[in-house]
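Colleague: Can you keep this structure in mind? I'll have questions shortly.
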Amino acid sequence: MSNPTRRSFLYTTGVSAVTAGITQWTGCSMPGRPQEAIQGAPGFEFLTPPERPPDYSHDLERDLTRVANELWARRRRELEAIRTPDAVRARQKALRAQLWEMLGGPFEKTPLNPRVNGTLERPGYRVEKLIYESRPQLYVTANLYLPDGRPGRLPAVLGPLGHSQNGKAWRMYQRLFINLARKGYVVLAFDPFGQGERIEYPGPRPGESLLGGGTSEHEHAGRRLILLGVNFSLFRAWDGIRGIDYLLTRPEVDPQRIGCCGQSGGGTMTQFLAALDDRIRAAVVSQGNTENIAQANVEPPGSADDAEQNIVPSLARGVDRSDLLHIFAPRPLLMTVTTHDAANTYSPEYISGTLETLEELRRTYGLLGAADRLALEATAHRHGYVYEMRRATYRWFNKWLNNSGADDEEPETKAEPDEALLVTKTGFVTTSLGGETALSLTRKLADQVHPEKKPSSREDLISRVRRVLALPDRRDDLTPRVLCRVKKFRYTAEQFEFSSDGEMRTPGWLMAPEGDVKNAATILYLSEAPAASALAEEGTAEQLCLAGFRVCAIDLRGRGDCSPAYPPRGPHYFAYRMNESYLNWFTLVLARPLFGGQVFDALRAAEYLRNRPEIAADKIWLLSDGPHGLAALHVLALDENVHGAVIGRGLTDYRSLAVSDRYKQPFGIYLYGVLREFDLPDVAAACTPRPLLLLDPTGAEGDPVLPAVAVSTYYQGAQKAYAAAGTEARFAVQASSEQVPFVQGVVRWLRANG
């Protein structure tokens, strides 16, 4: 028998302790306590065993893991059904078409307008400081490494970069490019969006961004595009595709010997470019995202990454990251990894996931008669394009780009200081040249993105809302239960739970004021704070309860007590990924948006309240007090049995968010392609004729929007819909004030429209 792990030891000894009459503590390292020691405080009654408090932290994880497992298994079956070269090629063609569609491209190819702003002469090679336009006035800063004294046309390598803040000037990348040039390769290294000289929010010095380092600007740009149904990897990959176009204008370059290599995020971008551009004849993916998002029993958010490394909504369409490399077959492909990346840079399953990718690719390459063109090499070094990985790159290109006279050695190499490689005067394209940015291009794209057809009816709009939110059609039994009851000053409260969707439970508190409340209205409160905060003394919920309303506060999935638990493995990895942003990326790739699940939880909560005999089913209101409360607006539109709503401090519209420079709204409310179907004012109009108050609406940057501005700019359609129904007074946009604070404004609206 193997030695027990610490976790299995604690589990088995804990179980033994329970059977011995001692309660196992489910929290942090507290000793077991006798069961009879847990008694209710004055006015407090336990209705379920107090020694086993409910744990909701794994519900969302189990649900998403189940969905991912189903999609993983479906994709595996599709791969196993491919048994001939023709079947491989047919799938490759379909995959590429799907990829372009999901990315949102391609763009039109326009003049590159290249220019060289200087040259560095070095022994054996030279560096041209280059600018080209991948799209009109979208300036790409690059360094072109050219070997000296090499006759004829030469092999060339495109070098998409990883997430180095100084872009093409990072020392490890320079050593790679310099030595490739010394070995007879033309190398084009270009700055990505948000890095090097293409930082769009310049800091005090070149290479510094006001948004932070690494992927910060990529994420900032990529979130906006999701609302338009576009993936940021389209912007990134297009720069590389146009980089190849530029290489082919050079007389030194052999068009039949183009390679592509990148490390980390550059490795992942190499995967995209390899899938999208047939002119790449050999590729090296060094420490890229070579694990799939859907893996067996994945722990969400798994390997979901920043905006450029996810493909939304790929898994719902049977596509995962390794399919980028399936498209590349049978061209020569080398993957390199470091075992240190597992549970550090990448998920704990990084190595096993990469081996699964390798297994898939071996079958594809084998069917195409190219088994010798696929390889995986590894090191245990820390993340980086390190010495041994660079040597592996030289060897691979030497072999497959027919550069037989070159070796894979690397002599001592002196890298240039950052400023020597600058193409622009200031070190920033934005301050030297101006031109287009990710934001300006997104704004132009937003001008073109509208619903193909305006919703023809309320039913059409509701159908679109359900589709974008990915709401399930089935509804399981609620199986509610009350956990405890407490008598407070002038009101009572019950803690409850119900099953929202399968194993997904929704917990909450129901507060009822003293006295005759048979006909009292009930407020379903979707607060930014956890549901447990509803009982806070003098808080919003207590004030509303003492004003004569029942108040029900719940935790939507992913929030409050339903926040996902910290996975037991990969502490360095999950330490910065257990948040709403990465979780939402994971759900968007699954085409099961987190926000859609939260709307469904709220719909089920309204159903739960209607089923309680003491509650007046026709007097259920919705209330929210922050950005996540937009779920309440959607519930009002979707559930005609809800009497009305007050949407507090909610976003005015998604379109403003898509074109905002410094937006601050949480990523958890983002929906893929929503602006191709509807916007929030359309949802408001669909609530007609039931009472709807937008209280203290906010803009994309979280700033308050004056009611008159909100109506004139965003909500004229909703106002007209209510007027057409003869219920104009039931729709309003208001601002709270010292004279009429938030809670008082809510109470006034409910009483006036009850």
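Within each chain, counting starts at residue 1; across the structure tokens, chains are named A, B, ... in the order shown, with ligands numbered 1 upward in that order.
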Quick one: DSSP strand (DSSP E) residues in region 436-563 of chain A, as an MDAnalysis selection string?
Modeller: chainID A and resid 481:488 491:501 504:513 522:526 550:554
Colleague: Put those residues in a file: N, CA and C atoms, as a JSON list (two decimals), in the first residue's frame.
Modeller:
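The resulting file, out35.json, is shown below:
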```json
[["chain", "number", "residue", "atom", "x", "y", "z"],
["A", 481, "ARG", "N", -34.77, 24.08, 0.83],
["A", 481, "ARG", "CA", -34.75, 23.77, 2.26],
["A", 481, "ARG", "C", -34.32, 25.01, 3.02],
["A", 482, "VAL", "N", -34.83, 25.12, 4.24],
["A", 482, "VAL", "CA", -34.48, 26.21, 5.14],
["A", 482, "VAL", "C", -33.42, 25.70, 6.10],
["A", 483, "LEU", "N", -32.36, 26.45, 6.25],
["A", 483, "LEU", "CA", -31.21, 26.01, 7.04],
["A", 483, "LEU", "C", -31.27, 26.49, 8.48],
["A", 484, "CYS", "N", -31.76, 27.72, 8.68],
["A", 484, "CYS", "CA", -31.82, 28.26, 10.02],
["A", 484, "CYS", "C", -32.79, 29.44, 10.04],
["A", 485, "ARG", "N", -33.15, 29.84, 11.24],
["A", 485, "ARG", "CA", -34.07, 30.95, 11.40],
["A", 485, "ARG", "C", -33.57, 31.81, 12.57],
["A", 486, "VAL", "N", -33.68, 33.14, 12.40],
["A", 486, "VAL", "CA", -33.21, 34.03, 13.46],
["A", 486, "VAL", "C", -34.23, 35.15, 13.67],
["A", 487, "LYS", "N", -34.48, 35.46, 14.94],
["A", 487, "LYS", "CA", -35.35, 36.58, 15.29],
["A", 487, "LYS", "C", -34.48, 37.79, 15.55],
["A", 488, "LYS", "N", -34.64, 38.81, 14.71],
["A", 488, "LYS", "CA", -33.90, 40.05, 14.86],
["A", 488, "LYS", "C", -34.80, 41.12, 15.46],
["A", 491, "TYR", "N", -37.77, 42.15, 12.98],
["A", 491, "TYR", "CA", -37.97, 41.29, 11.80],
["A", 491, "TYR", "C", -37.38, 39.91, 12.07],
["A", 492, "THR", "N", -37.78, 38.96, 11.27],
["A", 492, "THR", "CA", -37.20, 37.62, 11.32],
["A", 492, "THR", "C", -36.51, 37.34, 9.98],
["A", 493, "ALA", "N", -35.56, 36.41, 10.00],
["A", 493, "ALA", "CA", -34.83, 36.06, 8.78],
["A", 493, "ALA", "C", -34.60, 34.56, 8.73],
["A", 494, "GLU", "N", -34.69, 34.01, 7.54],
["A", 494, "GLU", "CA", -34.41, 32.59, 7.31],
["A", 494, "GLU", "C", -33.28, 32.46, 6.30],
["A", 495, "GLN", "N", -32.37, 31.57, 6.59],
["A", 495, "GLN", "CA", -31.36, 31.21, 5.59],
["A", 495, "GLN", "C", -31.88, 29.99, 4.83],
["A", 496, "PHE", "N", -31.83, 30.06, 3.51],
["A", 496, "PHE", "CA", -32.39, 28.98, 2.69],
["A", 496, "PHE", "C", -31.43, 28.64, 1.56],
["A", 497, "GLU", "N", -31.77, 27.60, 0.85],
["A", 497, "GLU", "CA", -31.09, 27.27, -0.40],
["A", 497, "GLU", "C", -32.07, 26.54, -1.30],
["A", 498, "PHE", "N", -31.83, 26.59, -2.60],
["A", 498, "PHE", "CA", -32.58, 25.79, -3.56],
["A", 498, "PHE", "C", -31.65, 25.39, -4.69],
["A", 499, "SER", "N", -32.06, 24.41, -5.45],
["A", 499, "SER", "CA", -31.26, 23.94, -6.58],
["A", 499, "SER", "C", -31.65, 24.73, -7.82],
["A", 500, "SER", "N", -30.72, 25.49, -8.32],
["A", 500, "SER", "CA", -30.99, 26.31, -9.50],
["A", 500, "SER", "C", -30.92, 25.50, -10.78],
["A", 501, "ASP", "N", -29.86, 24.71, -10.90],
["A", 501, "ASP", "CA", -29.61, 24.00, -12.16],
["A", 501, "ASP", "C", -28.76, 22.77, -11.85],
["A", 504, "MET", "N", -26.20, 22.85, -9.04],
["A", 504, "MET", "CA", -25.94, 24.24, -8.72],
["A", 504, "MET", "C", -26.97, 24.74, -7.71],
["A", 505, "ARG", "N", -26.50, 25.03, -6.51],
["A", 505, "ARG", "CA", -27.39, 25.52, -5.46],
["A", 505, "ARG", "C", -27.26, 27.04, -5.32],
["A", 506, "THR", "N", -28.37, 27.66, -4.97],
["A", 506, "THR", "CA", -28.40, 29.11, -4.74],
["A", 506, "THR", "C", -28.81, 29.35, -3.30],
["A", 507, "PRO", "N", -27.92, 29.92, -2.49],
["A", 507, "PRO", "CA", -28.26, 30.22, -1.10],
["A", 507, "PRO", "C", -28.73, 31.66, -0.95],
["A", 508, "GLY", "N", -29.43, 31.92, 0.16],
["A", 508, "GLY", "CA", -29.85, 33.29, 0.40],
["A", 508, "GLY", "C", -30.50, 33.45, 1.75],
["A", 509, "TRP", "N", -30.98, 34.66, 1.99],
["A", 509, "TRP", "CA", -31.67, 35.01, 3.23],
["A", 509, "TRP", "C", -32.99, 35.68, 2.86],
["A", 510, "LEU", "N", -34.04, 35.27, 3.56],
["A", 510, "LEU", "CA", -35.35, 35.89, 3.38],
["A", 510, "LEU", "C", -35.73, 36.58, 4.68],
["A", 511, "MET", "N", -35.93, 37.88, 4.60],
["A", 511, "MET", "CA", -36.24, 38.71, 5.77],
["A", 511, "MET", "C", -37.70, 39.15, 5.71],
["A", 512, "ALA", "N", -38.38, 39.08, 6.84],
["A", 512, "ALA", "CA", -39.79, 39.49, 6.89],
["A", 512, "ALA", "C", -40.00, 40.40, 8.09],
["A", 513, "PRO", "N", -40.65, 41.56, 7.90],
["A", 513, "PRO", "CA", -40.88, 42.47, 9.03],
["A", 513, "PRO", "C", -41.95, 41.92, 9.96],
["A", 522, "THR", "N", -42.50, 41.67, -1.98],
["A", 522, "THR", "CA", -41.22, 41.01, -1.71],
["A", 522, "THR", "C", -40.19, 41.52, -2.70],
["A", 523, "ILE", "N", -39.04, 41.90, -2.19],
["A", 523, "ILE", "CA", -37.95, 42.41, -3.02],
["A", 523, "ILE", "C", -36.89, 41.34, -3.17],
["A", 524, "LEU", "N", -36.64, 40.90, -4.38],
["A", 524, "LEU", "CA", -35.51, 40.00, -4.67],
["A", 524, "LEU", "C", -34.31, 40.89, -4.92],
["A", 525, "TYR", "N", -33.38, 40.89, -3.98],
["A", 525, "TYR", "CA", -32.29, 41.85, -3.93],
["A", 525, "TYR", "C", -31.01, 41.21, -4.46],
["A", 526, "LEU", "N", -30.52, 41.68, -5.60],
["A", 526, "LEU", "CA", -29.27, 41.21, -6.19],
["A", 526, "LEU", "C", -28.20, 42.25, -5.89],
["A", 550, "ARG", "N", -40.84, 42.44, 2.50],
["A", 550, "ARG", "CA", -39.99, 41.26, 2.60],
["A", 550, "ARG", "C", -38.79, 41.48, 1.68],
["A", 551, "VAL", "N", -37.64, 41.02, 2.11],
["A", 551, "VAL", "CA", -36.42, 41.16, 1.31],
["A", 551, "VAL", "C", -35.74, 39.81, 1.20],
["A", 552, "CYS", "N", -35.45, 39.41, -0.02],
["A", 552, "CYS", "CA", -34.75, 38.14, -0.28],
["A", 552, "CYS", "C", -33.44, 38.46, -0.98],
["A", 553, "ALA", "N", -32.33, 38.18, -0.32],
["A", 553, "ALA", "CA", -31.00, 38.39, -0.90],
["A", 553, "ALA", "C", -30.37, 37.04, -1.22],
["A", 554, "ILE", "N", -29.82, 36.90, -2.42],
["A", 554, "ILE", "CA", -29.23, 35.63, -2.84],
["A", 554, "ILE", "C", -27.80, 35.83, -3.34]]
```
Colleague: Using only C-alpha atoms, find the one residue out of A:Ala605, A:Ile327, A:Leu374, A:Leu248 that sits nearest to Lys93 (chain A).
Modeller: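 Among the listed residues, the smallest separation from Lys93 (chain A) belongs to A:Ile327.
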Colleague: Might you pull out every residue within 10 Å of Glu219 (chain A), with only C-alpha atoms counted and same-chain residues fewer than 5 positions away left off, and present them as a ChimeraX atom specification?
Modeller: /A:194,214,224,232,305-309,581
Colleague: With all heavy atoms retained, could you export that selection as a compact mmCIF listing (two decimals), in the first residue's frame?
Modeller:
```txt
# COMPACT_ATOMS: atom_id res chain seq x y z
N GLY A 194 0.52 46.84 -27.46
CA GLY A 194 0.65 46.94 -26.02
C GLY A 194 2.01 46.58 -25.46
O GLY A 194 2.17 46.47 -24.24
N GLY A 214 3.28 43.05 -19.06
CA GLY A 214 2.83 41.78 -19.63
C GLY A 214 1.62 41.90 -20.51
O GLY A 214 1.61 42.60 -21.53
N ARG A 224 -13.10 44.52 -24.68
CA ARG A 224 -14.04 45.33 -25.46
C ARG A 224 -14.50 44.60 -26.71
O ARG A 224 -15.68 44.63 -27.09
CB ARG A 224 -13.38 46.65 -25.85
CG ARG A 224 -13.14 47.63 -24.74
CD ARG A 224 -12.57 48.93 -25.26
NE ARG A 224 -11.28 48.79 -25.89
CZ ARG A 224 -10.19 49.47 -25.55
NH1 ARG A 224 -10.24 50.36 -24.57
NH2 ARG A 224 -9.06 49.30 -26.19
N PHE A 232 -9.42 39.21 -29.82
CA PHE A 232 -8.25 40.07 -29.96
C PHE A 232 -7.11 39.38 -30.71
O PHE A 232 -6.25 40.04 -31.30
CB PHE A 232 -7.76 40.52 -28.58
CG PHE A 232 -6.62 41.49 -28.61
CD1 PHE A 232 -6.71 42.68 -29.32
CD2 PHE A 232 -5.44 41.22 -27.95
CE1 PHE A 232 -5.66 43.58 -29.37
CE2 PHE A 232 -4.38 42.12 -27.98
CZ PHE A 232 -4.49 43.29 -28.69
N ASP A 305 -6.75 31.95 -20.45
CA ASP A 305 -5.66 32.90 -20.30
C ASP A 305 -6.14 34.30 -20.66
O ASP A 305 -7.33 34.58 -20.65
CB ASP A 305 -4.47 32.48 -21.17
CG ASP A 305 -3.14 32.69 -20.48
OD1 ASP A 305 -2.89 33.84 -20.05
OD2 ASP A 305 -2.36 31.74 -20.36
N ASP A 306 -5.19 35.19 -20.99
CA ASP A 306 -5.58 36.54 -21.34
C ASP A 306 -6.25 36.56 -22.71
O ASP A 306 -6.28 35.56 -23.42
CB ASP A 306 -4.37 37.48 -21.31
CG ASP A 306 -3.37 37.14 -22.38
OD1 ASP A 306 -2.58 36.19 -22.19
OD2 ASP A 306 -3.35 37.82 -23.41
N ALA A 307 -6.75 37.72 -23.10
CA ALA A 307 -7.65 37.85 -24.24
C ALA A 307 -7.10 37.24 -25.52
O ALA A 307 -7.85 36.59 -26.27
CB ALA A 307 -7.97 39.33 -24.47
N GLU A 308 -5.82 37.40 -25.81
CA GLU A 308 -5.30 36.97 -27.10
C GLU A 308 -5.12 35.46 -27.18
O GLU A 308 -4.92 34.91 -28.27
CB GLU A 308 -3.94 37.62 -27.35
CG GLU A 308 -2.85 37.01 -26.50
CD GLU A 308 -1.55 37.79 -26.54
OE1 GLU A 308 -1.46 38.78 -25.84
OE2 GLU A 308 -0.67 37.37 -27.28
N GLN A 309 -5.17 34.75 -26.03
CA GLN A 309 -4.86 33.33 -26.02
C GLN A 309 -6.10 32.45 -25.90
O GLN A 309 -6.00 31.23 -25.82
CB GLN A 309 -3.87 33.02 -24.89
CG GLN A 309 -2.57 33.81 -25.04
CD GLN A 309 -1.50 33.39 -24.05
OE1 GLN A 309 -0.92 32.31 -24.17
NE2 GLN A 309 -1.24 34.22 -23.07
N SER A 581 -12.57 37.37 -13.77
CA SER A 581 -12.15 37.57 -15.16
C SER A 581 -11.76 36.25 -15.83
O SER A 581 -12.25 35.91 -16.91
CB SER A 581 -10.98 38.56 -15.21
OG SER A 581 -11.39 39.83 -14.76
```
Colleague: Quick one: residues within 6 Å of region 64-75 of chain A, only C-alpha atoms, excluding same-chain residues fewer than 6 positions away - as a list in words?
Modeller: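 What passes the distance filter is Ala294, Ala296, Asn297, Val298 and Gly318 of chain A.
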Colleague: Keeping only all heavy atoms, write the selected residues to a file as a PDB file, in the first residue's frame.
Modeller:
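Output file again.pdb is given in full below:
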```
ATOM      1  N   ALA A 294     -10.283  22.382 -22.713  1.00  0.00           N
ATOM      2  CA  ALA A 294     -11.081  21.237 -22.282  1.00  0.00           C
ATOM      3  C   ALA A 294     -10.162  20.036 -22.115  1.00  0.00           C
ATOM      4  O   ALA A 294      -9.660  19.492 -23.090  1.00  0.00           O
ATOM      5  CB  ALA A 294     -12.183  20.946 -23.282  1.00  0.00           C
ATOM      6  N   ALA A 296      -9.703  16.393 -19.414  1.00  0.00           N
ATOM      7  CA  ALA A 296     -10.483  15.530 -18.540  1.00  0.00           C
ATOM      8  C   ALA A 296     -10.491  16.091 -17.122  1.00  0.00           C
ATOM      9  O   ALA A 296      -9.438  16.321 -16.527  1.00  0.00           O
ATOM     10  CB  ALA A 296      -9.916  14.112 -18.551  1.00  0.00           C
ATOM     11  N   ASN A 297     -11.691  16.347 -16.594  1.00  0.00           N
ATOM     12  CA  ASN A 297     -11.872  16.818 -15.214  1.00  0.00           C
ATOM     13  C   ASN A 297     -11.085  18.094 -14.927  1.00  0.00           C
ATOM     14  O   ASN A 297     -10.481  18.239 -13.863  1.00  0.00           O
ATOM     15  CB  ASN A 297     -11.491  15.716 -14.222  1.00  0.00           C
ATOM     16  CG  ASN A 297     -12.352  14.482 -14.386  1.00  0.00           C
ATOM     17  OD1 ASN A 297     -13.562  14.584 -14.533  1.00  0.00           O
ATOM     18  ND2 ASN A 297     -11.727  13.318 -14.382  1.00  0.00           N
ATOM     19  N   VAL A 298     -11.108  19.009 -15.873  1.00  0.00           N
ATOM     20  CA  VAL A 298     -10.390  20.273 -15.712  1.00  0.00           C
ATOM     21  C   VAL A 298     -10.948  21.029 -14.511  1.00  0.00           C
ATOM     22  O   VAL A 298     -12.140  20.971 -14.208  1.00  0.00           O
ATOM     23  CB  VAL A 298     -10.514  21.122 -16.997  1.00  0.00           C
ATOM     24  CG1 VAL A 298     -11.961  21.487 -17.284  1.00  0.00           C
ATOM     25  CG2 VAL A 298      -9.658  22.372 -16.926  1.00  0.00           C
ATOM     26  N   GLY A 318     -16.597  22.709 -31.092  1.00  0.00           N
ATOM     27  CA  GLY A 318     -15.732  21.551 -31.252  1.00  0.00           C
ATOM     28  C   GLY A 318     -14.294  21.881 -31.556  1.00  0.00           C
ATOM     29  O   GLY A 318     -13.559  21.034 -32.076  1.00  0.00           O
TER      30      GLY A 318
END
```
Colleague: Figure out the distance between CA of Arg559 (chain A) and CA of His58 (chain A), please, to one decimal in Å.
Modeller: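 CA of His58 (chain A) sits 12.1 Å away from CA of Arg559 (chain A).
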